[in-house]
$ cat protein_6.txt   # compact mmCIF, C-alpha atoms
# COMPACT_ATOMS: atom_id res chain seq x y z
CA MET V 52 166.82 99.82 69.88
CA ALA V 53 169.65 97.31 70.16
CA LEU V 54 171.33 96.93 66.77
CA TYR V 55 174.16 94.92 68.28
CA PRO V 56 174.86 93.58 71.77
CA GLY V 57 177.43 96.22 72.71
CA CYS V 58 175.37 99.28 71.80
CA THR V 59 174.54 101.91 74.40
CA PHE V 60 171.95 104.66 74.46
CA VAL V 61 174.60 107.26 73.59
CA SER V 62 175.83 105.23 70.62
CA LEU V 63 172.27 104.94 69.30
CA VAL V 64 171.83 108.71 69.48
CA LEU V 65 175.00 109.20 67.45
CA TYR V 66 174.20 106.39 65.02
CA PHE V 67 170.69 107.61 64.11
CA CYS V 68 171.44 111.35 64.48
CA ARG V 69 168.32 111.84 66.54
CA GLY V 70 167.65 113.59 69.82
CA GLU V 71 167.77 111.70 73.11
CA SER V 72 164.11 112.36 73.88
CA THR V 73 163.05 111.06 70.45
CA LEU V 74 164.97 107.83 70.85
CA GLY V 75 163.73 107.55 74.41
CA HIS V 76 160.08 107.56 73.30
CA ILE V 77 160.83 105.13 70.47
CA GLY V 78 162.64 102.80 72.83
CA ALA V 79 159.85 102.82 75.40
CA LYS V 80 157.16 102.11 72.80
CA THR V 81 159.23 99.41 71.08
CA THR V 82 160.08 97.50 74.24
CA LYS V 83 156.44 97.60 75.33
CA ILE V 84 155.38 96.08 71.99
CA PHE V 85 158.10 93.42 72.27
CA TRP V 86 156.83 92.43 75.71
CA GLU V 87 153.17 92.31 74.69
CA LYS V 88 153.86 90.22 71.58
CA MET V 89 156.62 87.90 72.83
CA ASN V 90 156.22 87.36 76.57
CA GLU V 91 153.83 84.43 76.18
CA ASP V 92 156.38 82.60 74.03
CA TRP V 93 159.57 83.47 75.92
CA MET V 94 158.34 83.89 79.52
CA THR V 95 155.81 81.11 79.85
CA LYS V 96 154.59 80.01 83.27
CA THR V 97 156.86 77.30 84.67
CA ASN V 98 155.07 74.01 85.29
CA LYS V 99 155.66 71.32 87.90
CA ALA V 100 157.90 69.17 85.69
CA GLN V 101 160.10 72.17 84.84
CA TRP V 102 160.44 73.12 88.51
CA LYS V 103 161.61 69.58 89.25
CA ARG V 104 164.20 69.76 86.45
CA ILE V 105 165.47 73.05 87.88
CA SER V 106 165.69 71.42 91.30
CA GLN V 107 167.73 68.56 89.89
CA ARG V 108 170.15 71.01 88.25
CA CYS V 109 170.52 72.93 91.53
CA LYS V 110 171.34 69.70 93.31
CA PHE V 111 173.84 68.67 90.62
CA LEU V 112 175.59 72.05 90.28
CA TRP V 113 175.30 73.61 93.73
CA ASN V 114 174.53 70.71 96.06
CA LEU V 115 171.21 72.26 97.14
CA SER V 116 168.32 69.84 97.43
CA ASN V 117 164.77 71.02 96.64
CA CYS V 118 166.06 74.42 95.45
CA ILE V 119 164.14 75.78 92.45
CA GLY V 120 166.20 78.87 91.73
CA SER V 121 167.61 82.12 93.03
CA LEU V 122 165.76 85.38 93.70
CA ASP V 123 167.11 88.93 93.80
CA GLY V 124 166.49 92.50 92.73
CA LYS V 125 168.60 94.70 90.46
CA HIS V 126 168.62 98.48 90.24
CA ILE V 127 168.35 99.56 86.59
CA HIS V 128 170.04 102.95 86.22
CA ILE V 129 167.72 105.58 84.70
CA GLU V 130 167.64 109.31 84.15
CA LYS V 131 165.41 111.08 86.68
CA LEU V 132 161.78 110.83 85.60
CA PRO V 133 159.73 114.06 85.49
CA ASN V 134 157.84 115.02 88.65
CA THR V 135 159.12 112.03 90.66
CA GLY V 136 161.20 113.87 93.26
CA SER V 137 163.45 111.43 95.10
CA SER V 138 161.17 108.38 94.76
CA ASN V 139 163.61 106.62 92.43
CA PHE V 140 166.79 107.77 94.19
CA ASN V 141 168.38 104.67 95.74
CA TYR V 142 171.00 103.97 98.40
CA LYS V 143 173.64 103.70 95.66
CA THR V 144 173.06 107.43 95.03
CA TYR V 145 171.50 107.29 91.58
CA HIS V 146 167.97 107.07 90.16
CA SER V 147 166.74 103.60 89.30
CA ILE V 148 163.86 101.24 88.65
CA VAL V 149 164.06 97.88 90.43
CA LEU V 150 163.93 94.63 88.47
CA LEU V 151 162.87 91.66 90.64
CA VAL V 152 163.71 88.30 89.07
CA CYS V 153 164.08 84.58 89.66
CA CYS V 154 166.50 82.43 87.68
CA ASP V 155 167.27 78.73 87.43
CA ALA V 156 170.58 76.97 88.14
CA ASP V 157 171.90 77.80 84.65
CA GLY V 158 171.17 81.53 84.75
CA LEU V 159 167.91 81.59 82.78
CA PHE V 160 165.10 83.83 84.01
CA THR V 161 162.00 81.99 85.21
CA MET V 162 160.02 84.96 86.59
CA ILE V 163 160.46 88.72 86.23
CA GLU V 164 158.71 91.73 87.72
CA THR V 165 159.70 95.37 87.33
CA GLY V 166 158.52 98.94 87.83
CA TYR V 167 159.31 99.47 91.52
CA ALA V 168 160.81 102.79 92.63
CA GLY V 169 164.52 102.63 93.35
CA ARG V 170 164.26 103.99 96.90
CA ASN V 171 162.56 100.76 98.05
CA ARG V 172 164.52 97.87 99.54
CA ASP V 173 164.46 94.36 98.10
CA GLY V 174 162.56 92.90 101.05
CA GLY V 175 159.82 95.53 100.88
CA ILE V 176 159.53 95.14 97.12
CA PHE V 177 159.14 91.39 97.46
CA ARG V 178 156.42 91.74 100.12
CA ALA V 179 154.43 93.99 97.74
CA SER V 180 155.13 91.93 94.61
CA ALA V 181 152.80 89.79 92.55
CA MET V 182 155.48 87.12 92.80
CA LYS V 183 154.94 86.77 96.55
CA TYR V 184 151.16 86.96 96.04
CA TRP V 185 151.19 83.90 93.77
CA LEU V 186 153.73 82.05 95.91
CA THR V 187 151.69 82.39 99.10
CA ARG V 188 148.54 81.27 97.29
CA LYS V 189 150.34 78.30 95.72
CA GLU V 190 149.41 79.35 92.18
CA LEU V 191 152.82 78.71 90.57
CA ASP V 192 152.47 74.92 90.24
CA ILE V 193 155.48 74.32 92.52
CA PRO V 194 155.83 70.60 93.42
CA SER V 195 154.68 69.27 96.77
CA PRO V 196 157.29 68.93 99.55
CA ALA V 197 159.76 66.08 99.03
CA LYS V 198 162.41 64.33 101.08
CA LEU V 199 165.88 65.89 101.00
CA HIS V 200 168.81 63.88 99.64
CA HIS V 201 170.77 62.07 102.38
CA ASP V 202 168.34 63.33 105.02
CA GLU V 203 168.15 61.08 108.06
CA ASN V 204 164.74 62.43 109.04
CA VAL V 205 161.53 60.97 107.69
CA GLY V 206 159.79 64.29 107.01
CA LYS V 207 159.52 66.07 103.67
CA PHE V 208 160.84 69.53 102.87
CA GLN V 209 159.30 72.40 100.90
CA TYR V 210 160.74 73.43 97.51
CA TYR V 211 162.26 76.89 97.85
CA PHE V 212 164.14 79.80 96.27
CA VAL V 213 167.43 81.06 97.70
CA SER V 214 168.05 84.76 98.41
CA ASP V 215 170.30 87.10 100.36
CA GLU V 216 169.64 88.47 103.85
CA ALA V 217 167.56 91.38 102.48
CA PHE V 218 164.64 89.00 101.88
CA PRO V 219 162.43 87.49 104.60
CA LEU V 220 162.83 83.86 105.58
CA SER V 221 159.76 81.76 104.75
CA THR V 222 158.72 78.27 103.72
CA TYR V 223 159.37 79.10 100.04
CA LEU V 224 162.32 81.48 100.48
CA MET V 225 165.65 80.49 102.05
CA SER V 226 167.98 83.22 103.31
CA PRO V 227 171.34 82.90 105.12
CA TYR V 228 172.09 83.06 108.83
CA PRO V 229 173.21 86.50 110.09
CA ARG V 230 176.95 86.87 109.59
CA ARG V 231 177.91 87.09 113.27
CA ASN V 232 178.50 84.43 115.92
CA LEU V 233 178.12 81.55 113.47
CA ASN V 234 178.96 77.98 114.40
CA THR V 235 180.50 75.53 111.94
CA THR V 236 177.18 74.11 110.76
CA GLN V 237 175.77 77.56 110.09
CA ARG V 238 178.89 78.65 108.18
CA ILE V 239 178.65 75.56 105.99
CA PHE V 240 174.97 76.26 105.37
CA ASN V 241 175.71 79.87 104.37
CA TYR V 242 178.48 78.68 102.05
CA ARG V 243 176.17 76.21 100.32
CA LEU V 244 173.44 78.81 100.05
CA SER V 245 175.82 81.39 98.54
CA ARG V 246 176.89 78.87 95.89
CA GLY V 247 173.32 78.67 94.67
CA ARG V 248 172.55 82.36 95.15
CA LYS V 249 175.52 83.55 93.10
CA THR V 250 173.70 82.26 90.01
CA ILE V 251 171.44 85.32 90.01
CA GLU V 252 174.45 87.64 90.32
CA CYS V 253 176.06 85.94 87.32
CA THR V 254 172.78 86.24 85.43
CA PHE V 255 172.65 89.99 86.07
CA GLY V 256 176.25 90.26 84.90
CA MET V 257 175.54 88.37 81.67
CA MET V 258 172.44 90.48 81.04
CA THR V 259 174.36 93.74 81.48
CA GLU V 260 177.24 92.54 79.31
CA LYS V 261 174.89 91.39 76.56
CA PHE V 262 172.77 94.56 76.60
CA GLN V 263 175.18 97.34 77.49
CA VAL V 264 172.39 99.91 77.40
CA LEU V 265 171.89 98.66 80.98
CA SER V 266 175.39 99.86 81.91
CA THR V 267 174.44 103.52 81.58
CA ALA V 268 171.46 105.63 82.60
CA ILE V 269 168.46 104.76 80.42
CA ARG V 270 166.77 107.86 79.05
CA CYS V 271 163.32 106.41 78.33
CA HIS V 272 160.08 107.58 79.92
CA ASP V 273 157.07 105.40 80.60
CA VAL V 274 154.57 105.48 77.72
CA GLY V 275 151.71 104.05 79.80

$ encode --input "protein_6.txt" --output "structure tokens"
Amino acid sequence: MALYPGCTFVSLVLYFCRGESTLGHIGAKTTKIFWEKMNEDWMTKTNKAQWKRISQRCKFLWNLSNCIGSLDGKHIHIEKLPNTGSSNFNYKTYHSIVLLVCCDADGLFTMIETGYAGRNRDGGIFRASAMKYWLTRKELDIPSPAKLHHDENVGKFQYYFVSDEAFPLSTYLMSPYPRRNLNTTQRIFNYRLSRGRKTIECTFGMMTEKFQVLSTAIRCHDVG
């Protein structure tokens, strides 16, 4: 589908002189084949040594100890799917499919999960996700808790992902304090957390800029 990074769905229709529905079916089938053939090479399961390298980069770049990446969801704009009613109509007032992803400190995806209806909120999507399922069952080979840098306490701290306030706080997911009645320590914590969390926002921006088909409503239907 993507002949060059800046192509959009409309430009492909004009370039190939084919109908939108035809290109939509071709695009859906092609991307499915790409995923089935290439995901094991390009989206391999992260091992313990790789998680530790990500944690070191987060500490170096964003001053966050034991952080192993950022987590967030992105609404991918789509044309309304047949017989779906308002299930994909989101709070931004357009139809979408939600992409739930984790990325490392340098903006590279480490885990992805998609297919959720746009009307759902990020927190609810995460609670129903396979990502949370494997995290809670400790099946992702995340390192054992370790002591934080410059920590005066003796105890060890869990490795974690950073997220925004839409996600639930847990031992493996760090979200900010509510934005009201904050003391100085809490404001500093939120600032540090936002430095690490902005990585996922930059990653989404780079993805959209690279594949501009994501900037407009995608006209592909699920091929099963």

$ atom_distance --input "protein_6.txt" --atom1 "atom CA of V:Trp102" --atom2 "atom CA of V:Ile119"
6.0 Å

$ residues_around --input "protein_6.txt" --residues "V:Tyr167" --least-positions-apart "3" --cutoff "12 Å" --atoms "all atoms listed in the file" --output "ChimeraX atom specification"
/V:124-127,138-141,146-151,164,170-173,175-181

$ closest_residue --input "protein_6.txt" --among "V:Leu115, V:Ile163, V:Ile269, V:Val152" --to "V:Gly78" --atoms "all atoms listed in the file"
V:Ile269

$ closest_residue --input "protein_6.txt" --among "V:Tyr211, V:Phe218, V:Tyr242, V:Phe160" --to "V:Thr97" --atoms "all atoms listed in the file"
V:Phe160

$ atom_distance --input "protein_6.txt" --atom1 "atom CA of V:Gly120" --atom2 "atom CA of V:Leu186"
13.5 Å

$ decode --input "protein_6.txt" --residues "stretch 205-216 of chain V" --atoms "N, CA, C and O atoms" --output "PDB file, in the first residue's frame"
ATOM      1  N   VAL V 205      16.493   0.719  51.995  1.00  0.00           N
ATOM      2  CA  VAL V 205      17.160  -0.545  51.694  1.00  0.00           C
ATOM      3  C   VAL V 205      16.362  -1.374  50.688  1.00  0.00           C
ATOM      4  O   VAL V 205      16.916  -2.163  49.928  1.00  0.00           O
ATOM      5  N   GLY V 206      15.040  -1.186  50.659  1.00  0.00           N
ATOM      6  CA  GLY V 206      14.166  -2.021  49.851  1.00  0.00           C
ATOM      7  C   GLY V 206      14.393  -1.887  48.355  1.00  0.00           C
ATOM      8  O   GLY V 206      15.008  -0.934  47.873  1.00  0.00           O
ATOM      9  N   LYS V 207      13.862  -2.850  47.619  1.00  0.00           N
ATOM     10  CA  LYS V 207      13.959  -2.862  46.163  1.00  0.00           C
ATOM     11  C   LYS V 207      12.623  -2.428  45.558  1.00  0.00           C
ATOM     12  O   LYS V 207      11.569  -2.535  46.189  1.00  0.00           O
ATOM     13  N   PHE V 208      12.695  -1.962  44.321  1.00  0.00           N
ATOM     14  CA  PHE V 208      11.510  -1.401  43.666  1.00  0.00           C
ATOM     15  C   PHE V 208      11.243  -2.125  42.354  1.00  0.00           C
ATOM     16  O   PHE V 208      12.163  -2.464  41.610  1.00  0.00           O
ATOM     17  N   GLN V 209       9.953  -2.325  42.076  1.00  0.00           N
ATOM     18  CA  GLN V 209       9.510  -3.030  40.875  1.00  0.00           C
ATOM     19  C   GLN V 209       9.861  -2.253  39.611  1.00  0.00           C
ATOM     20  O   GLN V 209       9.823  -1.031  39.580  1.00  0.00           O
ATOM     21  N   TYR V 210      10.215  -2.950  38.525  1.00  0.00           N
ATOM     22  CA  TYR V 210      10.330  -2.317  37.212  1.00  0.00           C
ATOM     23  C   TYR V 210       8.914  -1.981  36.723  1.00  0.00           C
ATOM     24  O   TYR V 210       7.973  -2.740  36.974  1.00  0.00           O
ATOM     25  N   TYR V 211       8.769  -0.885  36.005  1.00  0.00           N
ATOM     26  CA  TYR V 211       7.434  -0.392  35.685  1.00  0.00           C
ATOM     27  C   TYR V 211       7.408   0.368  34.359  1.00  0.00           C
ATOM     28  O   TYR V 211       8.429   0.823  33.851  1.00  0.00           O
ATOM     29  N   PHE V 212       6.194   0.506  33.812  1.00  0.00           N
ATOM     30  CA  PHE V 212       5.924   1.382  32.676  1.00  0.00           C
ATOM     31  C   PHE V 212       5.316   2.678  33.194  1.00  0.00           C
ATOM     32  O   PHE V 212       4.664   2.683  34.239  1.00  0.00           O
ATOM     33  N   VAL V 213       5.504   3.770  32.465  1.00  0.00           N
ATOM     34  CA  VAL V 213       4.864   5.033  32.822  1.00  0.00           C
ATOM     35  C   VAL V 213       3.675   5.276  31.894  1.00  0.00           C
ATOM     36  O   VAL V 213       3.680   4.866  30.730  1.00  0.00           O
ATOM     37  N   SER V 214       2.652   5.944  32.418  1.00  0.00           N
ATOM     38  CA  SER V 214       1.429   6.194  31.648  1.00  0.00           C
ATOM     39  C   SER V 214       0.812   7.502  32.119  1.00  0.00           C
ATOM     40  O   SER V 214       1.288   8.127  33.078  1.00  0.00           O
ATOM     41  N   ASP V 215      -0.283   7.906  31.469  1.00  0.00           N
ATOM     42  CA  ASP V 215      -1.008   9.085  31.932  1.00  0.00           C
ATOM     43  C   ASP V 215      -2.073   8.675  32.941  1.00  0.00           C
ATOM     44  O   ASP V 215      -2.199   7.503  33.307  1.00  0.00           O
ATOM     45  N   GLU V 216      -2.872   9.662  33.383  1.00  0.00           N
ATOM     46  CA  GLU V 216      -3.834   9.406  34.457  1.00  0.00           C
ATOM     47  C   GLU V 216      -5.006   8.534  34.030  1.00  0.00           C
ATOM     48  O   GLU V 216      -5.801   8.115  34.885  1.00  0.00           O
TER      49      GLU V 216
END
